[in-house]
Amino acid sequence: MAEYSPKDLLATLEAAQTGERDPRTCEIVNRIVADLFRTIEELNVQPAEFWAAVKWLNQLGAAQQVGLATAGLGFDRLLDILADQADERAGLATGTPRAIEGPLYVTNAPLSDYEARLDDGTDVGETLVMDGVVYGADGKPLANAIVDVWHADSKGGYSHFDPTQSEFNLRRRLRTDAQGRYRFRSLVPSGYGVPPGSPTEQILDRLGRHGQRPAHIHFLVTGEGQRPLTTQINIPGDAYLQDDFAFATRDGLIVELDPTDRTDDVASLGVTGKHTRVHFDFHLQPA
């Protein structure tokens, strides 16, 4: 009897897809399975190694860290690179650079017109005031755009994932005014690392890599007739600014910090004394 090869098994698996099916799902899954078959065969992956990987994947899912691992293994950045290349081919290589969303976004944060305070007042970190203008694809200020913002506290934790923080702490949505402006008061965030002892840290340790992210602030900016922009700004001076384990630091997204003690123009945000300011404009692309 002829030997039943891995290639034969793969063909049998694909031939079994005869019922009602989604062609795109079949295309992607068949490619992934074929690549994994090839990896197992060519690298002589042993049963103990295979089942250790399965156990790790189960632990990763139970810890809700799949999105963390995909960022650390470069998949999130890869999607951005490919999207940038597609924009360039289409002549759309303009606007604010995109950057990864990360695994810590939460929908339906409280909505405010023009300005808001993001923090709940319990963190003694450095006060930050950030403002800017959202511009549409036509280069004009965009009224009624939504600037969805979220970031870590001064210890690197995110509300909804850090039980010590209040609900929606450091998370808000801002609707731009008639001049396309937004403004918020918050805290200068800290960078953070993957949870110690977690499945994500385990794989990074085996790869000889760290799991640290530099300080950053996430944004999802949307507006009528515009393509949604997912991006983030980076705080300069962080030790991991150019060594982000998620590969998300990008030129054009590293902001300048402006320490000041001027407060007369930010009285509505309750700012007193010395604080740090950041100005950053968002430039959107057509939908």
# chains A, B, ... in the order shown; residues from 1 in each chain; ligands from 1
$ residues_around --residues "Pro110 (chain A)" --least-positions-apart "4" --cutoff "12 Å" --atoms "only C-alpha atoms" --output "list in words"
Val106, Glu115, Ala116, Arg117, Leu118, Ile146, Val147, Asp148, Val149, Trp150, Glu167, Phe168, Asn169, Leu170, Arg171, Arg172, Arg173, Leu174 and Arg175 of chain A
$ closest_atom_pairs --of "region 38-84 of chain A" --to "region 197-214 of chain A" --cutoff "7 Å" --atoms "only C-alpha atoms" --output "JSON lines"
{"residue": "A:Trp56", "atom": "CA", "partner": "A:Pro199", "partner_atom": "CA", "distance": 6.6}
{"residue": "A:Gln59", "atom": "CA", "partner": "A:Pro199", "partner_atom": "CA", "distance": 6.4}
{"residue": "A:Leu60", "atom": "CA", "partner": "A:Pro199", "partner_atom": "CA", "distance": 5.5}
{"residue": "A:Gln65", "atom": "CA", "partner": "A:Thr200", "partner_atom": "CA", "distance": 6.9}
{"residue": "A:Ala69", "atom": "CA", "partner": "A:Thr200", "partner_atom": "CA", "distance": 5.6}
$ write_last_selection --atoms "N, CA and C atoms" --output "PDB file, in the first residue's frame"
ATOM      1  N   TRP A  56      -0.362  26.153  25.415  1.00  0.00           N
ATOM      2  CA  TRP A  56      -0.066  27.587  25.494  1.00  0.00           C
ATOM      3  C   TRP A  56      -1.173  28.413  24.846  1.00  0.00           C
ATOM      4  N   GLN A  59      -4.065  28.625  27.174  1.00  0.00           N
ATOM      5  CA  GLN A  59      -3.771  29.559  28.267  1.00  0.00           C
ATOM      6  C   GLN A  59      -3.858  31.003  27.778  1.00  0.00           C
ATOM      7  N   LEU A  60      -3.391  31.243  26.558  1.00  0.00           N
ATOM      8  CA  LEU A  60      -3.434  32.582  25.988  1.00  0.00           C
ATOM      9  C   LEU A  60      -4.870  33.066  25.858  1.00  0.00           C
ATOM     10  N   GLN A  65      -5.391  37.246  26.165  1.00  0.00           N
ATOM     11  CA  GLN A  65      -4.174  37.919  25.719  1.00  0.00           C
ATOM     12  C   GLN A  65      -3.840  37.650  24.256  1.00  0.00           C
ATOM     13  N   ALA A  69      -0.548  39.115  22.294  1.00  0.00           N
ATOM     14  CA  ALA A  69       0.449  38.279  21.623  1.00  0.00           C
ATOM     15  C   ALA A  69       0.572  38.639  20.149  1.00  0.00           C
TER      16      ALA A  69
END
$ residues_around --residues "Thr122 (chain A)" --least-positions-apart "3" --cutoff "10 Å" --atoms "only C-alpha atoms" --output "ChimeraX atom specification"
/A:119,125,165-166,169
$ residues_around --residues "region 241-255 of chain A" --least-positions-apart "3" --cutoff "10 Å" --atoms "only C-alpha atoms" --output "ChimeraX atom specification"
/A:68-78,80,96-102,191,193-194,204,209-216,231-238,258,278-280
$ atom_distance --atom1 "CA of Pro228 (chain A)" --atom2 "CA of Gly67 (chain A)"
20.2 Å
$ select_by_dssp --residues "region 13-205 of chain A" --states "strand (DSSP E)" --output "PyMOL selection string"
chain A and resi 111-113+115-117+127-135+146-151+171-175+181-187+192-193
$ select_by_dssp --residues "region 10-167 of chain A" --states "alpha helix (DSSP H)" --output "ChimeraX atom specification"
/A:10-15,23-42,47-62,66-72,75-89
$ residues_around --residues "Thr263 (chain A)" --least-positions-apart "5" --cutoff "9 Å" --atoms "only C-alpha atoms" --output "ChimeraX atom specification"
/A:270-275
$ residues_around --residues "region 130-138 of chain A" --least-positions-apart "3" --cutoff "6 Å" --atoms "only C-alpha atoms" --output "short mmCIF file (atom, residue, chain, number, x, y, z; two decimals) with N, CA, C and O atoms, in the first residue's frame"
data_model
loop_
_atom_site.label_atom_id
_atom_site.label_comp_id
_atom_site.auth_asym_id
_atom_site.auth_seq_id
_atom_site.Cartn_x
_atom_site.Cartn_y
_atom_site.Cartn_z
N PRO A 141 -10.92 72.14 8.42
CA PRO A 141 -11.31 71.64 9.75
C PRO A 141 -12.66 70.93 9.69
O PRO A 141 -13.59 71.39 9.00
N LEU A 142 -12.75 69.82 10.41
CA LEU A 142 -13.94 68.96 10.32
C LEU A 142 -14.76 69.08 11.60
O LEU A 142 -14.35 68.62 12.67
N GLY A 180 -13.48 72.36 14.19
CA GLY A 180 -12.78 71.09 14.15
C GLY A 180 -11.88 70.83 15.34
O GLY A 180 -11.07 69.90 15.32
N ARG A 181 -12.05 71.60 16.41
CA ARG A 181 -11.13 71.51 17.54
C ARG A 181 -11.59 70.50 18.59
O ARG A 181 -12.78 70.27 18.78
N TYR A 182 -10.59 69.93 19.27
CA TYR A 182 -10.84 69.08 20.44
C TYR A 182 -9.83 69.47 21.52
O TYR A 182 -8.78 70.06 21.23
N ARG A 183 -10.14 69.13 22.76
CA ARG A 183 -9.21 69.41 23.85
C ARG A 183 -9.56 68.53 25.04
O ARG A 183 -10.73 68.29 25.31
N PHE A 184 -8.54 68.04 25.73
CA PHE A 184 -8.82 67.28 26.95
C PHE A 184 -7.72 67.47 27.98
O PHE A 184 -6.58 67.80 27.66
N ARG A 277 1.69 70.44 28.09
CA ARG A 277 0.76 70.54 26.97
C ARG A 277 1.30 69.82 25.73
O ARG A 277 2.51 69.76 25.51
N VAL A 278 0.37 69.32 24.96
CA VAL A 278 0.68 68.68 23.68
C VAL A 278 -0.33 69.19 22.66
O VAL A 278 -1.54 69.21 22.93
N HIS A 279 0.16 69.59 21.50
CA HIS A 279 -0.73 69.95 20.40
C HIS A 279 -0.53 68.93 19.29
O HIS A 279 0.60 68.64 18.88
N PHE A 280 -1.65 68.40 18.79
CA PHE A 280 -1.55 67.42 17.71
C PHE A 280 -2.80 67.49 16.85
O PHE A 280 -3.93 67.38 17.36
N ASP A 281 -2.59 67.67 15.55
CA ASP A 281 -3.69 67.72 14.60
C ASP A 281 -3.83 66.37 13.90
O ASP A 281 -2.83 65.69 13.61
N PHE A 282 -5.06 65.98 13.60
CA PHE A 282 -5.34 64.76 12.86
C PHE A 282 -5.79 65.12 11.43
O PHE A 282 -6.66 65.97 11.27
N HIS A 283 -5.22 64.45 10.46
CA HIS A 283 -5.58 64.65 9.06
C HIS A 283 -6.15 63.34 8.52
O HIS A 283 -5.45 62.32 8.46
N LEU A 284 -7.44 63.36 8.16
CA LEU A 284 -8.13 62.15 7.75
C LEU A 284 -8.08 61.97 6.24
O LEU A 284 -7.72 62.89 5.50
N GLN A 285 -8.45 60.77 5.81
CA GLN A 285 -8.51 60.44 4.40
C GLN A 285 -9.97 60.21 3.99
O GLN A 285 -10.81 59.94 4.85
N PRO A 286 -10.27 60.30 2.70
CA PRO A 286 -11.66 60.08 2.27
C PRO A 286 -12.10 58.64 2.52
O PRO A 286 -11.29 57.72 2.46
#
$ atom_distance --atom1 "CA of Ile40 (chain A)" --atom2 "CA of Thr18 (chain A)"
26.4 Å
$ closest_residue --among "A:Leu92, A:Val124, A:Leu229, A:Val33" --to "Ser186 (chain A)" --atoms "only C-alpha atoms"
A:Val124
$ residues_around --residues "Val188 (chain A)" --least-positions-apart "3" --cutoff "7 Å" --atoms "only C-alpha atoms" --output "PyMOL selection string"
chain A and resi 125-128+154
$ decode --residues "region 6-111 of chain A" --atoms "C-alpha atoms" --output "compact mmCIF listing (two decimals), in the first residue's frame"
# COMPACT_ATOMS: atom_id res chain seq x y z
CA PRO A 6 1.21 14.90 4.58
CA LYS A 7 0.36 16.20 1.11
CA ASP A 8 -2.26 13.49 0.75
CA LEU A 9 -3.75 14.39 4.13
CA LEU A 10 -3.94 18.04 3.16
CA ALA A 11 -5.70 17.14 -0.08
CA THR A 12 -8.16 14.98 1.85
CA LEU A 13 -8.91 17.84 4.25
CA GLU A 14 -9.61 20.23 1.39
CA ALA A 15 -11.69 17.66 -0.47
CA ALA A 16 -13.91 17.29 2.60
CA GLN A 17 -15.13 20.89 2.14
CA THR A 18 -18.03 19.93 -0.11
CA GLY A 19 -21.02 21.33 1.79
CA GLU A 20 -22.22 24.89 2.08
CA ARG A 21 -19.08 26.89 2.77
CA ASP A 22 -17.53 30.31 2.69
CA PRO A 23 -14.87 30.38 -0.06
CA ARG A 24 -12.77 33.07 1.64
CA THR A 25 -12.71 31.16 4.94
CA CYS A 26 -11.68 28.01 3.10
CA GLU A 27 -8.93 29.87 1.27
CA ILE A 28 -7.44 31.32 4.44
CA VAL A 29 -7.80 28.22 6.63
CA ASN A 30 -6.40 25.91 3.95
CA ARG A 31 -3.36 28.16 3.57
CA ILE A 32 -2.76 28.31 7.33
CA VAL A 33 -3.12 24.54 7.70
CA ALA A 34 -0.81 23.91 4.75
CA ASP A 35 1.86 26.22 6.19
CA LEU A 36 1.59 24.56 9.61
CA PHE A 37 1.80 21.09 8.06
CA ARG A 38 4.97 22.19 6.28
CA THR A 39 6.41 23.67 9.48
CA ILE A 40 5.73 20.49 11.48
CA GLU A 41 7.20 18.32 8.76
CA GLU A 42 10.29 20.35 7.88
CA LEU A 43 11.22 21.25 11.47
CA ASN A 44 10.44 17.76 12.77
CA VAL A 45 8.10 19.11 15.44
CA GLN A 46 7.65 16.45 18.09
CA PRO A 47 4.29 15.50 19.66
CA ALA A 48 5.37 16.95 23.02
CA GLU A 49 6.21 20.25 21.35
CA PHE A 50 2.94 20.30 19.44
CA TRP A 51 0.79 19.68 22.51
CA ALA A 52 2.81 22.20 24.53
CA ALA A 53 1.89 24.77 21.87
CA VAL A 54 -1.78 23.77 22.09
CA LYS A 55 -1.66 24.15 25.87
CA TRP A 56 -0.07 27.59 25.49
CA LEU A 57 -2.77 28.70 23.04
CA ASN A 58 -5.47 27.58 25.48
CA GLN A 59 -3.77 29.56 28.27
CA LEU A 60 -3.43 32.58 25.99
CA GLY A 61 -7.15 32.57 25.23
CA ALA A 62 -8.14 32.01 28.85
CA ALA A 63 -6.03 35.02 29.83
CA GLN A 64 -7.63 37.13 27.07
CA GLN A 65 -4.17 37.92 25.72
CA VAL A 66 -4.50 36.89 22.10
CA GLY A 67 -4.49 40.54 21.03
CA LEU A 68 -1.44 41.17 23.18
CA ALA A 69 0.45 38.28 21.62
CA THR A 70 -0.46 39.26 18.06
CA ALA A 71 0.94 42.75 18.72
CA GLY A 72 4.14 41.34 20.21
CA LEU A 73 4.63 38.94 17.31
CA GLY A 74 4.28 41.73 14.76
CA PHE A 75 0.93 40.84 13.21
CA ASP A 76 -0.76 44.14 14.12
CA ARG A 77 2.10 46.16 12.64
CA LEU A 78 2.08 43.97 9.53
CA LEU A 79 -1.55 44.88 8.86
CA ASP A 80 -0.65 48.57 9.09
CA ILE A 81 2.31 48.14 6.73
CA LEU A 82 0.14 46.42 4.14
CA ALA A 83 -2.58 49.07 4.48
CA ASP A 84 0.04 51.82 4.02
CA GLN A 85 1.31 50.11 0.88
CA ALA A 86 -2.23 49.82 -0.49
CA ASP A 87 -2.80 53.54 0.17
CA GLU A 88 0.43 54.41 -1.61
CA ARG A 89 -0.52 52.35 -4.66
CA ALA A 90 -3.92 54.08 -4.71
CA GLY A 91 -2.39 57.54 -4.38
CA LEU A 92 -3.78 57.98 -0.84
CA ALA A 93 -0.48 58.16 1.04
CA THR A 94 -1.50 61.29 2.94
CA GLY A 95 -2.89 62.06 6.34
CA THR A 96 -1.89 61.14 9.87
CA PRO A 97 -0.01 57.82 10.03
CA ARG A 98 -2.04 54.90 11.31
CA ALA A 99 -0.85 52.85 14.29
CA ILE A 100 -2.06 49.70 15.97
CA GLU A 101 -5.23 49.71 18.06
CA GLY A 102 -3.92 47.26 20.61
CA PRO A 103 -6.05 44.92 22.72
CA LEU A 104 -7.30 47.44 25.30
CA TYR A 105 -9.89 49.49 23.44
CA VAL A 106 -13.37 49.75 25.00
CA THR A 107 -16.39 51.03 23.07
CA ASN A 108 -18.93 53.65 24.10
CA ALA A 109 -16.78 55.82 26.34
CA PRO A 110 -18.61 58.93 27.64
CA LEU A 111 -19.14 61.55 24.92
